[in-house]
There are 2 protein chains.
Amino acid sequence: MNAVEEMKRFFEPRSVALLGVSRRTGEGNFNILENLLSYGYEGKIYPVNPKASEILGVPTYSRIADVSDEVDLAIINLPRSLVPGTVQECIEQGIHSIIIVTQGFADAGDEEGRQLQKELDKFIEVNGVRILGPNSLGTVNTFTRFSSSFAKMDMTKVPISIICQTGVFFELPESLLIGKGIDLGNACDVNFVDSLEYFEQDNETKVIVLHIEGMRDGKRFLKIAGRTALKKPIITLKTGKSEYAAKVARSHTGSLVGSDEIWATALKQSGLIRVTDIDELSDLAGAFSLLPTMKGRSVGIVSSSGGFNIISIDACQKYDLEIAKLSPVTIRRINALSPSWQSVGNPADMWPACMVLKQPVTRVVTETLDAMLSDHKVDAALLIWYMSSDQVCADLGHLLAKLADTHKDKPLVCFFYGDHVTEAKDRLKARSGVSVFNSPDRAVRSLSRLAQYSNIRRGF
Amino acid sequence: MNAVEEMKRFFEPRSVALLGVSRRTGEGNFNILENLLSYGYEGKIYPVNPKASEILGVPTYSRIADVSDEVDLAIINLPRSLVPGTVQECIEQGIHSIIIVTQGFADAGDEEGRQLQKELDKFIEVNGVRILGPNSLGTVNTFTRFSSSFAKMDMTKVPISIICQTGVFFELPESLLIGKGIDLGNACDVNFVDSLEYFEQDNETKVIVLHIEGMRDGKRFLKIAGRTALKKPIITLKTGKSEYAAKVARSHTGSLVGSDEIWATALKQSGLIRVTDIDELSDLAGAFSLLPTMKGRSVGIVSSSGGFNIISIDACQKYDLEIAKLSPVTIRRINALSPSWQSVGNPADMWPACMVLKQPVTRVVTETLDAMLSDHKVDAALLIWYMSSDQVCADLGHLLAKLADTHKDKPLVCFFYGDHVTEAKDRLKARSGVSVFNSPDRAVRSLSRLAQYSNIRRGF
C-alpha cells in the first residue's frame, strides 16, 4: 500500500474502533461516539468499553479482539500507561492505522512519557503500523462526515484542508472553516510529508493551510511543499520564533524547531505563503477558497466613505498594491452617476451619488463596480459600503454575487460597516467570487497575497 | 463664553433645530428627527420644513424665524446652495452653534464648493458663530441620548470619546462602541483643539480616540494633546500616509496632510498611542476603557492549548513583553492541579489538569489565574481557553469577573476558541477588569499598549 493509500485510512475510514469511549454523554463530555452519530457518519463504528454493553444504542465490545469485522482505523483515548498494550492488541487484530489522542508522551516533562513514546516507535519500526499522534485530535473529513476529534466539528464542506500541530485549529468555527484536517500532535510517525502528499492529490482540497511548530525531516517536506505549491496555495503559520518559544514547542509536541530566519527563507523559496497570525490565516483560507488569483497589482476601489478610501490607499501602499489608473471610459461611466461638482476617480467615493442625487444604492454600487471590473487596467476591486438597512444587504448581496459571476477572473473583496454588517456577511458567506473582510486593511492584505500567489505559480 | 462652554452646545444641546428634515421616515431614510425620538432625547426639538405641519407627531415650523424659543444648536442638512442663506437666518435668530451635514464644499472638486465654504468662513469671522462641518455627521452623546447623525447610533454609555474626520467611525457598532463623538468633516471652524479641550475636562470621557487625516494648526493641537495624554490615553489613527492618499484627503475634507515621518515623531513625542489600523483602534478603545494600565512588562499565560501558548510567546516577543518568571509558590500552586508527569510553568498549559485529572475547568482556570495574578512578578494575565459548552461560558464568565475585581491593579485579557465563543464574549462584554480579544496576538498587542501608556504617564 502506498503512502497516499495509507493516509486514506486516516481521512476516509470505512470502519472505526473507538478504544476508551465513555458512557458519559452530553455537552462537555467530549464523547467521540456521540459526535460521530450526530454528524451522520456512515461508516461502521465499533466502540470498545468493558463496562458497557451499549452506548447511545450502539453495541459495545469488551475488547478489540471481539470485533470480528475488518477495522480501517482505531482511535485510542485511554490513560497513557494503557496505550502500548492497546496498540499491541490492535496490531494483533490486523489494524494498520491508529490515532492516539492520549497526552503525556514526548509532550510530558517526565522520563516515563519519553519511554512510552519510544515503545510506540518500536511498534512502527517492527510492525509497520501507522500511528497518528500521540497527543492528537486526529483527523476531520467533512465530505464523509467523519472526525476523530472529541471537540464537536462543523461539518460544512469547504475546499480548505489543514495540517496542524495542535487541535485548536479544529476549533475556530467563527473564523476558520475547514473541510479536512489533521492534527499531527507529537508526530511520532504520520507527519507533514504524509499529510501533504495526501492533500496534493485530493480533489476536495483546493487550499492547504499549515501550522508548523517544527519538524524532523524539513528537507523532504520543503521538496514536496514546493511541488504542491505550484498546484494549490499553501498558507503557512510558522510559530515558535524565539528561543523560549522553541523550548516550549519541544515540550508541547516534542519536535525540533529551527531558527526563524532559516524557516523564513525556506518557506519563501518553496513558494509557501507565510502569514503573521491567525487573523491572516483565516482571511487567506477564505480568500483563496472563494476568489480567483489576482493577475496584476492594480486595485479599483468603490466606496461610501471618503475616510475609508484614504485608509485603503494607505493599505495598498503598505501591501505593495497599486491604485489602478482608470481608463477614460470607466471614469465617464462613474462620473455620470455623481453630482456635477464631484470629480470621481479611483478610489470612487459614491456616497454623494446616493445621498445628494438620491439614486438607489444598488444601482450606484453595481454600475460603478461593473465599470471598474470591466476596465483592463483593474486587476481586482475593493468595495467599502455602509450597510444601513436589511434591504440594502439583501439587494447588494444578490447583485454582488451576480457581478462576481460576470467577472470571474478578477477578485472582488468587500468591507462593510453600519448596523447591518452581520446580515451582509451572512448573505455573502461562502459565495464564490466575493469575500468579505473585517477591515479595509485585511481586504487589501488578502488581495496582495492573491497577487503573490499568481507570481508563485508563474515561477517568480 | 469660553471654548469649552461653546463645545457643550454641540455635545449637550438642550434644544435643537433641524433644518432640512424630511417627511420620509423608516429604515433607509436617514431621518434625524426619527432617530432622536427613538433614542429618547429629552431636549426640545424644532423641525423646520415649509411643506409639513408635523412629522412623526412633532409640530414643524416653516422657517427658523418662526421658532420663538432659544435654540442651542441648529443642524443643517439642505442642498449646498441653500446653506449660506440658512446660516444667515440662524444667526439672525440668535443661534450660536451650527452643524452643517451637507456635502459639496471644500470637499467638492469645483469652484462653487470652494466659494460656498468661503462664505461660511466669513460668517465665522464676522458673526462669531461656531460651525461644525460642513460635510459632517456632527456629534453623538449617548449620556444625553443625543446625536445629529443621520446614521442610527447605538446609545450604550461607554467612556470612549472619538474625534474623527469621517462619520464612518460612528458606524462601527460591531467593533467600536463610542460614548461621545464628533465628526469634524471639513473643519471650517470647530477643530481638533476645540474638541480635545472639551474631552480633556469631560468626566464621562476616560479614553480619547482620534482619527486624523490632516489639520491646519498642528502645533497648538500637539500642545493640548501632550497635556491631555498625561490624564487620559489618546489612541490615534493617523491616515493619509502616501502622497496620493494625501491628495485624496485634501479632496475628502479639504485639509492639509504633513509627511508621515513628521507625524510619527510628533505623535510619539506628545505621548499619543498610534495604531496601525481599525482593528487595533477598536481593540485599544475597549482595552483602555475596561482595564487598568500595566505597571511592568511581564505576562502570565494560562491556557488550554499548548499550540496557542507558543503563538502567545511569539506575540510577546513581537510586542516587547516578557514571559514572567513565576515565583516558586506560584509554580507549586499550579503544579498541584496538574498530572505528575507534567511540569507546568509559564505559559501554563492547564488542559491536562482538566482532561487527564478530570478536574472542573472553573476550578483549574480560576486557581491558576489567581496564582498568577497574586504573583508580584506578574504584571498582567492572558487567558486562552476552549469554550466548549454553555456551562463553561456561564461559570467562567462569572468567575473571571470576580477575579478581575480581586486583582484590580492588573489587566486580565482573554482569547477564547471553540463553538461557544460568541456567548463567552457576550457574557464578559463591557465587564470592567476583563477584556476579550479575537486572537492571542491582539490580546498581547493590547497589553503592550497598556504598558506603553504606563510609561507615558510616568513621563518616559
# chains A, B, ... in the order shown; residues from 1 in each chain; ligands from 1
$ residues_around --residues "stretch 302-311 of chain B" --least-positions-apart "5" --cutoff "9 Å" --atoms "only C-alpha atoms" --output "PyMOL selection string"
(chain A and resi 165-168+213+239-241+244-246+248-249+251-253+277) or (chain B and resi 316+346-352+354+365+368-369+372+381-386+440-441)
$ atom_distance --atom1 "atom CA of B:Glu322" --atom2 "atom CA of B:Val207"
25.9 Å
$ residues_around --residues "A:Ile91" --least-positions-apart "3" --cutoff "12 Å" --atoms "only C-alpha atoms" --output "VMD selection string"
chain A and resid 64 to 65 71 to 74 84 to 88 94 to 98 120 123 to 124 126 to 131
$ select_by_dssp --residues "stretch 262-348 of chain B" --states "strand (DSSP E or B)" --output "PyMOL selection string"
chain B and resi 273-274+298-303+322-323+348
$ residues_around --residues "A:Ser374" --least-positions-apart "6" --cutoff "12 Å" --atoms "only C-alpha atoms" --output "list of chain:residue names"
A:Gly300, A:Leu326, A:Ser327, A:Val329, A:Thr330, A:Ile331, A:Arg333, A:Thr366, A:Glu367, A:Thr368, A:Ala380, A:Ala381, A:Leu403, A:Ala404, A:Thr406, A:His407, A:Lys408, A:Asp409, A:Lys410
$ write_last_selection --atoms "all heavy atoms" --output "compact mmCIF listing (two decimals), in the first residue's frame"
# COMPACT_ATOMS: atom_id res chain seq x y z
N GLY A 300 -9.14 48.63 -8.01
CA GLY A 300 -10.17 49.65 -8.14
C GLY A 300 -10.99 49.67 -6.87
O GLY A 300 -11.42 48.63 -6.40
N LEU A 326 -7.60 54.49 -13.93
CA LEU A 326 -8.77 54.04 -14.70
C LEU A 326 -8.72 54.54 -16.14
O LEU A 326 -8.19 55.63 -16.43
CB LEU A 326 -10.05 54.54 -14.03
CG LEU A 326 -10.25 54.13 -12.57
CD1 LEU A 326 -11.55 54.74 -12.04
CD2 LEU A 326 -10.29 52.61 -12.42
N SER A 327 -9.32 53.77 -17.04
CA SER A 327 -9.46 54.20 -18.43
C SER A 327 -10.50 55.32 -18.50
O SER A 327 -11.41 55.37 -17.66
CB SER A 327 -9.95 53.03 -19.30
OG SER A 327 -9.14 51.92 -19.10
N VAL A 329 -13.08 55.71 -20.31
CA VAL A 329 -14.47 55.25 -20.40
C VAL A 329 -15.01 54.87 -19.02
O VAL A 329 -16.18 55.13 -18.70
CB VAL A 329 -14.59 54.06 -21.40
CG1 VAL A 329 -13.66 52.91 -21.02
CG2 VAL A 329 -16.02 53.56 -21.50
N THR A 330 -14.15 54.31 -18.18
CA THR A 330 -14.57 53.96 -16.82
C THR A 330 -14.89 55.22 -16.03
O THR A 330 -15.92 55.31 -15.35
CB THR A 330 -13.43 53.19 -16.11
OG1 THR A 330 -12.97 52.16 -16.98
CG2 THR A 330 -13.89 52.60 -14.80
N ILE A 331 -14.00 56.19 -16.14
CA ILE A 331 -14.21 57.44 -15.41
C ILE A 331 -15.51 58.12 -15.85
O ILE A 331 -16.28 58.61 -15.03
CB ILE A 331 -13.00 58.39 -15.61
CG1 ILE A 331 -11.77 57.76 -14.93
CG2 ILE A 331 -13.28 59.77 -15.05
CD1 ILE A 331 -10.49 58.54 -15.07
N ARG A 333 -18.20 56.62 -17.04
CA ARG A 333 -19.34 55.86 -16.50
C ARG A 333 -19.59 56.21 -15.04
O ARG A 333 -20.75 56.34 -14.61
CB ARG A 333 -19.07 54.35 -16.61
CG ARG A 333 -19.45 53.73 -17.94
CD ARG A 333 -19.17 52.23 -17.97
NE ARG A 333 -20.14 51.45 -17.21
CZ ARG A 333 -20.06 50.12 -17.07
NH1 ARG A 333 -19.06 49.45 -17.62
NH2 ARG A 333 -20.97 49.46 -16.37
N THR A 366 -23.49 48.67 -8.21
CA THR A 366 -23.23 47.67 -9.25
C THR A 366 -22.71 48.33 -10.51
O THR A 366 -21.79 47.81 -11.14
CB THR A 366 -24.49 46.84 -9.57
OG1 THR A 366 -25.59 47.71 -9.71
CG2 THR A 366 -24.77 45.85 -8.47
N GLU A 367 -23.23 49.47 -10.86
CA GLU A 367 -22.77 50.17 -12.06
C GLU A 367 -21.29 50.58 -11.90
O GLU A 367 -20.49 50.39 -12.83
CB GLU A 367 -23.67 51.40 -12.31
CG GLU A 367 -23.25 52.33 -13.42
CD GLU A 367 -23.38 51.73 -14.83
OE1 GLU A 367 -23.93 50.62 -14.96
OE2 GLU A 367 -22.88 52.37 -15.78
N THR A 368 -20.93 51.10 -10.74
CA THR A 368 -19.55 51.52 -10.53
C THR A 368 -18.60 50.32 -10.52
O THR A 368 -17.54 50.34 -11.15
CB THR A 368 -19.42 52.30 -9.20
OG1 THR A 368 -20.48 53.22 -9.10
CG2 THR A 368 -18.10 53.04 -9.14
N ALA A 380 -8.41 43.86 -9.64
CA ALA A 380 -9.28 43.42 -8.55
C ALA A 380 -10.06 44.63 -8.06
O ALA A 380 -9.62 45.77 -8.23
CB ALA A 380 -8.47 42.84 -7.41
N ALA A 381 -11.22 44.39 -7.43
CA ALA A 381 -12.00 45.50 -6.90
C ALA A 381 -12.22 45.34 -5.41
O ALA A 381 -12.40 44.23 -4.90
CB ALA A 381 -13.34 45.60 -7.63
N LEU A 403 -22.48 39.94 -10.01
CA LEU A 403 -21.33 40.67 -10.56
C LEU A 403 -20.08 39.80 -10.56
O LEU A 403 -19.29 39.80 -11.51
CB LEU A 403 -21.10 41.90 -9.69
CG LEU A 403 -20.53 43.15 -10.31
CD1 LEU A 403 -21.37 43.62 -11.48
CD2 LEU A 403 -20.47 44.26 -9.26
N ALA A 404 -19.90 39.05 -9.47
CA ALA A 404 -18.74 38.16 -9.38
C ALA A 404 -18.81 37.08 -10.45
O ALA A 404 -17.79 36.68 -11.01
CB ALA A 404 -18.68 37.53 -8.00
N THR A 406 -20.11 37.48 -13.41
CA THR A 406 -19.79 38.12 -14.68
C THR A 406 -18.29 38.36 -14.83
O THR A 406 -17.76 38.32 -15.94
CB THR A 406 -20.52 39.49 -14.78
OG1 THR A 406 -21.86 39.30 -14.37
CG2 THR A 406 -20.46 40.05 -16.18
N HIS A 407 -17.63 38.65 -13.71
CA HIS A 407 -16.19 38.95 -13.77
C HIS A 407 -15.41 37.89 -13.00
O HIS A 407 -14.77 38.16 -12.00
CB HIS A 407 -15.92 40.35 -13.20
CG HIS A 407 -16.66 41.44 -13.89
ND1 HIS A 407 -16.21 42.01 -15.07
CD2 HIS A 407 -17.83 42.05 -13.63
CE1 HIS A 407 -17.07 42.94 -15.47
NE2 HIS A 407 -18.06 42.98 -14.61
N LYS A 408 -15.49 36.68 -13.51
CA LYS A 408 -14.93 35.52 -12.80
C LYS A 408 -13.41 35.55 -12.65
O LYS A 408 -12.86 34.86 -11.81
CB LYS A 408 -15.30 34.24 -13.57
CG LYS A 408 -16.65 33.66 -13.22
CD LYS A 408 -16.76 32.25 -13.77
CE LYS A 408 -18.20 31.76 -13.84
NZ LYS A 408 -18.97 31.92 -12.61
N ASP A 409 -12.75 36.33 -13.48
CA ASP A 409 -11.28 36.32 -13.47
C ASP A 409 -10.67 37.35 -12.54
O ASP A 409 -9.45 37.43 -12.41
CB ASP A 409 -10.76 36.54 -14.90
CG ASP A 409 -11.30 37.85 -15.47
OD1 ASP A 409 -12.42 38.27 -15.07
OD2 ASP A 409 -10.61 38.48 -16.30
N LYS A 410 -11.51 38.17 -11.88
CA LYS A 410 -10.96 39.21 -11.01
C LYS A 410 -11.57 39.11 -9.61
O LYS A 410 -12.79 39.05 -9.47
CB LYS A 410 -11.26 40.59 -11.59
CG LYS A 410 -10.56 40.85 -12.92
CD LYS A 410 -10.85 42.23 -13.48
CE LYS A 410 -10.17 42.39 -14.83
NZ LYS A 410 -10.42 43.72 -15.43
$ select_by_dssp --residues "stretch 107-212 of chain A" --states "helix (DSSP H, G or I)" --output "PyMOL selection string"
chain A and resi 111-127+167-170+192-201
$ write_last_selection --atoms "C-alpha atoms" --output "short mmCIF file (atom, residue, chain, number, x, y, z; two decimals), in the first residue's frame"
data_model
loop_
_atom_site.label_atom_id
_atom_site.label_comp_id
_atom_site.auth_asym_id
_atom_site.auth_seq_id
_atom_site.Cartn_x
_atom_site.Cartn_y
_atom_site.Cartn_z
CA GLU A 111 11.03 10.02 31.77
CA GLU A 112 8.01 7.69 31.64
CA GLY A 113 6.45 9.78 28.86
CA ARG A 114 9.61 9.60 26.79
CA GLN A 115 9.83 5.82 27.33
CA LEU A 116 6.18 5.34 26.36
CA GLN A 117 6.73 7.19 23.11
CA LYS A 118 9.78 5.01 22.42
CA GLU A 119 7.56 1.95 22.76
CA LEU A 120 5.34 3.40 20.06
CA ASP A 121 8.41 3.97 17.88
CA LYS A 122 9.18 0.28 18.20
CA PHE A 123 5.72 -0.78 17.00
CA ILE A 124 6.08 1.46 13.98
CA GLU A 125 9.51 0.12 13.15
CA VAL A 126 8.76 -3.55 13.77
CA ASN A 127 5.14 -3.91 12.73
CA GLY A 167 -6.08 20.57 17.65
CA VAL A 168 -7.09 24.16 18.30
CA PHE A 169 -7.23 24.79 14.57
CA PHE A 170 -10.16 22.38 14.53
CA PHE A 192 3.77 16.76 7.36
CA VAL A 193 5.07 14.93 4.31
CA ASP A 194 2.48 12.12 4.51
CA SER A 195 -0.35 14.58 5.02
CA LEU A 196 0.81 16.98 2.33
CA GLU A 197 1.09 14.17 -0.22
CA TYR A 198 -2.48 13.20 0.55
CA PHE A 199 -3.78 16.77 0.13
CA GLU A 200 -1.69 17.30 -3.00
CA GLN A 201 -3.69 14.63 -4.85
#
$ atom_distance --atom1 "atom CA of A:Arg363" --atom2 "atom CA of A:Ile313"
24.6 Å
$ residues_around --residues "A:Tyr41" --least-positions-apart "3" --cutoff "7 Å" --atoms "only C-alpha atoms" --output "MDAnalysis selection string"
chainID A and resid 36:37 144:146
$ closest_residue --among "B:Leu210, B:Val158, B:Ala371, B:Cys164" --to "chain A" --atoms "only C-alpha atoms"
B:Cys164
$ closest_residue --among "B:Arg227, B:Lys377, B:Arg442, B:Arg449" --to "chain A" --atoms "only C-alpha atoms"
B:Arg442
